[in-house]
Amino acid sequence: MAASVARIRVRSMTNAPIRIGIGGWTFEPWRGPFYPPKWPIKRELEYAASKLTAIEVNGTYYSGLKPQTFANWRESVPDGFVFTLKASRFCTNRKVLAEGGESIARFVGQGIVELGDRLGPILWQFMATKRFDADDFRAFLALLPKSEAGVALRHAVQVRHESFAVPEFVAMCREAGVAIVYAQSDAYPAIADMTADFVYARIETAVEDEPLGYSDKDLDRWAASTRAWARGEQPAGLPYVGGETPAKTARETFLFFIAGAKVRNPLAAQALIARLG
């Protein structure tokens, strides 16, 4: 009930929903700090979905799954909960992205549409060594399907090389309607320009000596940024490279606490949900 109320409250503050979550739901150190003692492992997704509003699935990056697996996930979570899926590494970890059409088709065709209205954006993540090649990346964006089996698909790209921090990259993503992931990280540069009708953020700097992974000041800042994104505004203080202010249009917003001191991420997500509520 508490998570359902949180979902309703977050929706009521803006014209677009805000979804806050973590990466995956199976992690042994979460048993105790997040999952109650002796909670059945087979029901961890059910519990996580009762406390959070989204989960980013990393397992789909490494291997394909059966349609029934996605259907089972759909049935394990409440209305309004959303999964985002990290696309297969065979689509993004290649020298020539324009040659990945077959791998892309295989990924989207494996049964992800069984998630139904629980299917959120697909995350296409690139290695930190992947450099920006304008022609090749434009060709890659053209390969991303807008639908599968009648289900609309949305796409977000996470690039991690400084060569992407140019207006040309921002413009081509905006033209394609593909979101650039804002990733707050100590390891690589970030791009905060809004380029789609939704926003996708990954916060990757949790520290273990903070009980919630982040200070109260940091969590307050992410709450303010998340509200701004949902209103269609660009939060102040983030790195923008596009040289153009997008239209102020309400945008569905996804924010995930990922990496860093991973054991703290569920607590950080719950703390942010509470602030937004």
# chains A, B, ... in the order shown; residues from 1 in each chain; ligands from 1
call {"tool": "residues_around", "arguments": {"residues": "range 190-196 of chain A", "least_positions_apart": "2", "cutoff": "8 Å", "atoms": "only C-alpha atoms", "output": "list in words"}}
result
Arg160, Ala165, Val170, Ala171, Cys173, Arg174, Glu175, Gly177, Val178, Ala179, Ile180, Val181, Tyr182, Ala183, Gln184, Ser185, Tyr188, Phe198, Val199, Gln234, Leu238, Pro239, Tyr240, Val241, Gly242 and Pro246 of chain A
call {"tool": "write_last_selection", "arguments": {"atoms": "C-alpha atoms", "output": "PDB file, in the first residue's frame"}}
result
ATOM      1  CA  ARG A 160      30.633   7.270 -21.847  1.00  0.00           C
ATOM      2  CA  ALA A 165      29.836  15.805 -25.751  1.00  0.00           C
ATOM      3  CA  VAL A 170      22.587  15.939 -29.104  1.00  0.00           C
ATOM      4  CA  ALA A 171      20.857  17.099 -32.271  1.00  0.00           C
ATOM      5  CA  CYS A 173      19.326  12.064 -30.711  1.00  0.00           C
ATOM      6  CA  ARG A 174      16.686  14.802 -30.490  1.00  0.00           C
ATOM      7  CA  GLU A 175      15.762  14.271 -34.138  1.00  0.00           C
ATOM      8  CA  GLY A 177      13.420  11.035 -30.298  1.00  0.00           C
ATOM      9  CA  VAL A 178      15.999   9.000 -28.359  1.00  0.00           C
ATOM     10  CA  ALA A 179      16.938  10.040 -24.817  1.00  0.00           C
ATOM     11  CA  ILE A 180      20.532  10.650 -23.832  1.00  0.00           C
ATOM     12  CA  VAL A 181      21.039   9.089 -20.412  1.00  0.00           C
ATOM     13  CA  TYR A 182      22.232  11.537 -17.802  1.00  0.00           C
ATOM     14  CA  ALA A 183      24.746   9.501 -15.783  1.00  0.00           C
ATOM     15  CA  GLN A 184      26.230  11.053 -12.683  1.00  0.00           C
ATOM     16  CA  SER A 185      29.563   9.274 -12.327  1.00  0.00           C
ATOM     17  CA  TYR A 188      33.276   9.492 -17.212  1.00  0.00           C
ATOM     18  CA  PHE A 198      11.090  11.181 -21.303  1.00  0.00           C
ATOM     19  CA  VAL A 199      14.199  11.576 -19.137  1.00  0.00           C
ATOM     20  CA  GLN A 234      16.458  21.657 -17.483  1.00  0.00           C
ATOM     21  CA  LEU A 238      24.164  20.075 -14.950  1.00  0.00           C
ATOM     22  CA  PRO A 239      26.409  19.758 -18.041  1.00  0.00           C
ATOM     23  CA  TYR A 240      24.635  20.741 -21.274  1.00  0.00           C
ATOM     24  CA  VAL A 241      26.329  20.658 -24.667  1.00  0.00           C
ATOM     25  CA  GLY A 242      23.530  21.035 -27.227  1.00  0.00           C
ATOM     26  CA  PRO A 246      14.163  22.172 -25.566  1.00  0.00           C
TER      27      PRO A 246
END
call {"tool": "select_by_dssp", "arguments": {"residues": "range 60-191 of chain A", "states": "alpha helix (DSSP H)", "output": "ChimeraX atom specification"}}
result
/A:67-76,89-92,101-108,134-143,167-176
call {"tool": "write_last_selection", "arguments": {"atoms": "C-alpha atoms", "output": "PDB file, in the first residue's frame"}}
result
ATOM      1  CA  PRO A  67       8.923 -14.742 -23.271  1.00  0.00           C
ATOM      2  CA  GLN A  68       7.495 -16.485 -20.209  1.00  0.00           C
ATOM      3  CA  THR A  69      10.162 -14.873 -18.027  1.00  0.00           C
ATOM      4  CA  PHE A  70       8.972 -11.403 -19.001  1.00  0.00           C
ATOM      5  CA  ALA A  71       5.356 -12.486 -18.499  1.00  0.00           C
ATOM      6  CA  ASN A  72       6.217 -13.749 -15.002  1.00  0.00           C
ATOM      7  CA  TRP A  73       7.850 -10.431 -14.130  1.00  0.00           C
ATOM      8  CA  ARG A  74       4.759  -8.595 -15.316  1.00  0.00           C
ATOM      9  CA  GLU A  75       2.558 -10.661 -13.040  1.00  0.00           C
ATOM     10  CA  SER A  76       4.859 -10.119 -10.030  1.00  0.00           C
ATOM     11  CA  ARG A  89      25.910  -6.225 -25.510  1.00  0.00           C
ATOM     12  CA  PHE A  90      25.974  -7.763 -28.983  1.00  0.00           C
ATOM     13  CA  CYS A  91      24.101  -4.686 -30.210  1.00  0.00           C
ATOM     14  CA  THR A  92      26.405  -2.056 -28.740  1.00  0.00           C
ATOM     15  CA  GLY A 101      20.489  -4.660 -37.171  1.00  0.00           C
ATOM     16  CA  GLU A 102      20.173  -8.412 -36.772  1.00  0.00           C
ATOM     17  CA  SER A 103      21.239  -8.303 -33.116  1.00  0.00           C
ATOM     18  CA  ILE A 104      18.817  -5.459 -32.412  1.00  0.00           C
ATOM     19  CA  ALA A 105      15.950  -7.373 -34.014  1.00  0.00           C
ATOM     20  CA  ARG A 106      16.840 -10.470 -31.993  1.00  0.00           C
ATOM     21  CA  PHE A 107      16.850  -8.491 -28.753  1.00  0.00           C
ATOM     22  CA  VAL A 108      13.509  -6.756 -29.209  1.00  0.00           C
ATOM     23  CA  ALA A 134      28.566  10.730 -36.456  1.00  0.00           C
ATOM     24  CA  ASP A 135      27.662   8.691 -39.551  1.00  0.00           C
ATOM     25  CA  ASP A 136      27.826   5.349 -37.779  1.00  0.00           C
ATOM     26  CA  PHE A 137      25.833   6.517 -34.753  1.00  0.00           C
ATOM     27  CA  ARG A 138      23.180   8.117 -36.928  1.00  0.00           C
ATOM     28  CA  ALA A 139      22.846   4.796 -38.749  1.00  0.00           C
ATOM     29  CA  PHE A 140      22.535   2.998 -35.405  1.00  0.00           C
ATOM     30  CA  LEU A 141      19.725   5.295 -34.264  1.00  0.00           C
ATOM     31  CA  ALA A 142      17.889   4.584 -37.516  1.00  0.00           C
ATOM     32  CA  LEU A 143      17.967   0.858 -36.684  1.00  0.00           C
ATOM     33  CA  PRO A 167      26.020  19.537 -30.259  1.00  0.00           C
ATOM     34  CA  GLU A 168      25.882  17.224 -33.300  1.00  0.00           C
ATOM     35  CA  PHE A 169      25.297  14.178 -31.101  1.00  0.00           C
ATOM     36  CA  VAL A 170      22.587  15.939 -29.104  1.00  0.00           C
ATOM     37  CA  ALA A 171      20.857  17.099 -32.271  1.00  0.00           C
ATOM     38  CA  MET A 172      20.757  13.650 -33.867  1.00  0.00           C
ATOM     39  CA  CYS A 173      19.326  12.064 -30.711  1.00  0.00           C
ATOM     40  CA  ARG A 174      16.686  14.802 -30.490  1.00  0.00           C
ATOM     41  CA  GLU A 175      15.762  14.271 -34.138  1.00  0.00           C
ATOM     42  CA  ALA A 176      15.407  10.522 -33.514  1.00  0.00           C
TER      43      ALA A 176
END
call {"tool": "closest_atom_pairs", "arguments": {"of": "range 75-163 of chain A", "to": "range 45-60 of chain A", "cutoff": "12 Å", "atoms": "only C-alpha atoms", "output": "tab-separated table"}}
result
residue	atom	partner	partner_atom	distance
A:Glu75	CA	A:Glu46	CA	9.3
A:Ser76	CA	A:Glu46	CA	5.5
A:Val77	CA	A:Ala49	CA	5.6
A:Pro78	CA	A:Ala49	CA	7.1
A:Asp79	CA	A:Thr53	CA	9.8
A:Gly80	CA	A:Thr53	CA	7.4
A:Phe81	CA	A:Thr53	CA	5.1
A:Val82	CA	A:Ala54	CA	4.8
A:Phe83	CA	A:Ile55	CA	5.1
A:Thr84	CA	A:Glu56	CA	4.7
A:Leu85	CA	A:Val57	CA	4.9
A:Lys86	CA	A:Asn58	CA	5.5
A:Ala87	CA	A:Thr60	CA	6.2
A:Ser88	CA	A:Thr60	CA	6.0
A:Arg89	CA	A:Thr60	CA	8.7
A:Phe90	CA	A:Thr60	CA	10.9
A:Cys91	CA	A:Thr60	CA	11.6
A:Arg106	CA	A:Thr60	CA	11.9
A:Phe107	CA	A:Thr60	CA	8.6
A:Val108	CA	A:Thr60	CA	10.6
A:Gln110	CA	A:Thr60	CA	10.3
A:Gly111	CA	A:Thr60	CA	11.5
A:Ile112	CA	A:Thr60	CA	9.9
A:Arg118	CA	A:Ala54	CA	9.1
A:Leu119	CA	A:Ala54	CA	10.0
A:Gly120	CA	A:Ala54	CA	8.8
A:Pro121	CA	A:Glu56	CA	9.5
A:Ile122	CA	A:Glu56	CA	9.3
A:Leu123	CA	A:Glu56	CA	8.7
A:Trp124	CA	A:Thr60	CA	11.0
A:Gln125	CA	A:Asn58	CA	10.5
call {"tool": "atom_distance", "arguments": {"atom1": "CA of Thr26 in chain A", "atom2": "CA of Ala152 in chain A"}}
result
28.2 Å
call {"tool": "closest_residue", "arguments": {"among": "A:Ala187, A:Leu97, A:Leu65, A:Ile41", "to": "Ala259 in chain A", "atoms": "only C-alpha atoms"}}
result
A:Ala187
call {"tool": "closest_residue", "arguments": {"among": "A:Thr253, A:Lys42, A:Gly213, A:Pro189", "to": "Gln270 in chain A", "atoms": "only C-alpha atoms"}}
result
A:Gly213
call {"tool": "select_by_dssp", "arguments": {"residues": "range 93-173 of chain A", "states": "strand (DSSP E)", "output": "list in words"}}
result
Leu119, Gly120, Pro121, Ile122, Leu123, Trp124, Gln125, Ser147, Glu148, Val151, Ala152, His155, Ala156, Val157 and Gln158 of chain A
call {"tool": "closest_residue", "arguments": {"among": "A:Ala228, A:Val151, A:Val263, A:Ala128", "to": "Glu208 in chain A", "atoms": "only C-alpha atoms"}}
result
A:Val263
call {"tool": "closest_residue", "arguments": {"among": "A:Gly243, A:Gly109, A:Gly100, A:Gly32", "to": "Arg264 in chain A", "atoms": "only C-alpha atoms"}}
result
A:Gly32
call {"tool": "closest_residue", "arguments": {"among": "A:Lys130, A:Gln158, A:Phe27, A:Ile273", "to": "Arg227 in chain A", "atoms": "only C-alpha atoms"}}
result
A:Ile273
call {"tool": "atom_distance", "arguments": {"atom1": "CA of Val157 in chain A", "atom2": "CA of Met127 in chain A"}}
result
11.3 Å
call {"tool": "atom_distance", "arguments": {"atom1": "CA of Phe126 in chain A", "atom2": "CA of Thr249 in chain A"}}
result
28.0 Å
